Amino acid sequence: MLLKLSEKDIWTVADAYEGTIVFGGNGAGKTSGSGKDIAKAFLKQGFGGLVLTVKIDEATRWCNYVHECGRAADLITVEPGRPAALNFLEYEAARPGLGAGLTYELVRILQIAMDGGRERGQSENPYWDDAVAQLLTNAIDLVLMATGRVSLPDVVDAIRASLDSSQATNVSDSLLGNLQTKIFHANACPLTNEYAEKLYGSELQATANMSVGTGGVTGGYQRVMLPILPAIKFTTLKKGGAANHGVVDGYVFQAGKIWNGSDGKHNRNWLLVPFKQD
Ligand SMILES: Nc1ncnc2c1ncn2[C@@H]1O[C@H](COP(=O)(O)OP(=O)(O)OP(=O)(O)O)[C@@H](O)[C@H]1O
Ligand SMILES: [Mg+2]
């Protein structure tokens, strides 16, 4: 067991292997809520891994986790001023297999062709040069992975496909589909909340209506299909901090999973988990 999500629901190593994604607006509690619990569970269970940090306090946060979980001896920090390093050029050149060392060379040749021999430093907008290089690199890698060889028409096709917005949606949908555990924290983004609403689906629910007129009071019940968790539910979740007594709420989803809940009688496809900040 990695996490206890309720008295009667656990999150296992097998669940972790199937991929996880955490959604939430800025300051919703992704890092200090579910992220922290998942990180510590992995460390305590002996997992290894590569942690890429973006924010300045994130490396310190992870160092603290590593120490708290008794994994200090396993920590290798790669940052300027420290000896540990990865020479990714050498790694790329030395790795076995088709296409090794080819991508960078191809990107360089294509860029020279497009620039008409213009020097990098003289470019009017280096940002776009970098963006083109990134696009070419990704497209070439994609073609290599898909076909094992690379040709200009295939690279052009891959770039066209990536620029087609409907394709982009398909790619992101299939990526999200592969990450089986989804945790939704507070979010003001309607697109994400509608995505969550669709994920949890709809069910028949009873609604009541009543009208008062000259003929008296009339009313009744209907059964209509309504969202199990309407998008608005994701806008009101607890975001941690003193105001919420350090509690970060998150709705957890797993395809095909019916949660037991703490009383064992919940029997729903959603589970509202109160993650505690440190
Ligand atoms: N240990 C803690 N105790 C109490 N409050 C905290 C703690 N850590 C963070 N907070 C507060 O809880 C809220 C959620 O913070 P957190 O950094 O986890 O959100 P986040 O979703 O990761 O945000 P971001 O999108 O900026 O990465 C913030 O208001 C933050 O100041
Ligand atoms: Mg964060």
# chains A, B, ... in the order shown; residues from 1 in each chain; ligands from 1

call {"tool": "residues_near_ligand", "arguments": {"ligand": "ligand 2", "cutoff": "8 Å", "atoms": "only C-alpha atoms and all ligand atoms", "output": "list in words"}}
result
Asn26, Gly27, Gly29, Lys30, Thr31 and Ser32 of chain A

call {"tool": "residues_near_ligand", "arguments": {"ligand": "ligand 1", "cutoff": "8 Å", "atoms": "only C-alpha atoms and all ligand atoms", "output": "list of chain:residue names"}}
result
A:Gly24, A:Gly25, A:Asn26, A:Gly27, A:Ala28, A:Gly29, A:Lys30, A:Thr31, A:Ser32, A:Gly33, A:Gly35, A:His185, A:Lys239, A:Gly240, A:Gly241, A:Ala242, A:His245, A:Gly246, A:Val248, A:Gln277, A:Asp278

call {"tool": "residues_around", "arguments": {"residues": "Gln254 in chain A", "least_positions_apart": "5", "cutoff": "7 Å", "atoms": "only C-alpha atoms", "output": "count of residues only"}}
result
3

call {"tool": "select_by_dssp", "arguments": {"residues": "range 171-229 of chain A", "states": "strand (DSSP E or B)", "output": "VMD selection string"}}
result
chain A and resid 181 to 184 202 to 213 216 to 227

call {"tool": "write_last_selection", "arguments": {"atoms": "C-alpha atoms", "output": "mmCIF file, in the first residue's frame"}}
result
data_model
loop_
_atom_site.group_PDB
_atom_site.id
_atom_site.type_symbol
_atom_site.label_atom_id
_atom_site.label_comp_id
_atom_site.auth_asym_id
_atom_site.auth_seq_id
_atom_site.Cartn_x
_atom_site.Cartn_y
_atom_site.Cartn_z
ATOM 1 C CA THR A 181 -5.257 8.081 -11.382
ATOM 2 C CA LYS A 182 -6.525 11.642 -11.706
ATOM 3 C CA ILE A 183 -6.679 13.989 -8.746
ATOM 4 C CA PHE A 184 -8.668 17.216 -9.063
ATOM 5 C CA SER A 202 -23.903 11.470 -15.627
ATOM 6 C CA GLU A 203 -26.551 9.460 -13.850
ATOM 7 C CA LEU A 204 -30.285 9.458 -13.441
ATOM 8 C CA GLN A 205 -31.214 11.787 -10.619
ATOM 9 C CA ALA A 206 -34.582 12.735 -9.175
ATOM 10 C CA THR A 207 -35.519 16.401 -9.398
ATOM 11 C CA ALA A 208 -38.578 17.993 -7.868
ATOM 12 C CA ASN A 209 -40.623 20.899 -9.148
ATOM 13 C CA MET A 210 -43.410 22.898 -7.597
ATOM 14 C CA SER A 211 -45.591 25.681 -8.930
ATOM 15 C CA VAL A 212 -48.182 27.774 -7.182
ATOM 16 C CA GLY A 213 -51.023 29.092 -9.286
ATOM 17 C CA GLY A 216 -53.428 25.630 -6.079
ATOM 18 C CA VAL A 217 -50.042 24.026 -5.656
ATOM 19 C CA THR A 218 -48.895 21.504 -8.230
ATOM 20 C CA GLY A 219 -45.652 19.613 -8.359
ATOM 21 C CA GLY A 220 -43.937 16.378 -8.994
ATOM 22 C CA TYR A 221 -40.752 14.445 -9.423
ATOM 23 C CA GLN A 222 -38.859 13.647 -12.605
ATOM 24 C CA ARG A 223 -35.839 11.460 -13.151
ATOM 25 C CA VAL A 224 -33.321 13.168 -15.456
ATOM 26 C CA MET A 225 -29.703 12.548 -16.480
ATOM 27 C CA LEU A 226 -27.488 14.964 -14.530
ATOM 28 C CA PRO A 227 -23.716 15.170 -13.993
#

call {"tool": "atom_distance", "arguments": {"atom1": "CA of Leu3 in chain A", "atom2": "CA of Ile228 in chain A"}}
result
25.0 Å

call {"tool": "select_by_dssp", "arguments": {"residues": "range 23-269 of chain A", "states": "alpha helix (DSSP H)", "output": "PyMOL selection string"}}
result
chain A and resi 36-44+58-68+88-94+102-115+126-147+152-163+165-178+190-200

call {"tool": "closest_residue", "arguments": {"among": "A:Phe275, A:Gly177, A:Arg61, A:Asp141", "to": "Tyr195 in chain A", "atoms": "only C-alpha atoms"}}
result
A:Gly177

call {"tool": "closest_residue", "arguments": {"among": "A:Val107, A:Val156, A:Leu102, A:Leu142", "to": "Asp130 in chain A", "atoms": "only C-alpha atoms"}}
result
A:Val107

call {"tool": "closest_residue", "arguments": {"among": "A:Ala85, A:Val247, A:Pro190, A:Lys265", "to": "Lys233 in chain A", "atoms": "only C-alpha atoms"}}
result
A:Pro190

call {"tool": "atom_distance", "arguments": {"atom1": "CA of Ser6 in chain A", "atom2": "CA of Gly261 in chain A"}}
result
5.9 Å

call {"tool": "atom_distance", "arguments": {"atom1": "CA of Ala188 in chain A", "atom2": "CA of Thr235 in chain A"}}
result
5.6 Å
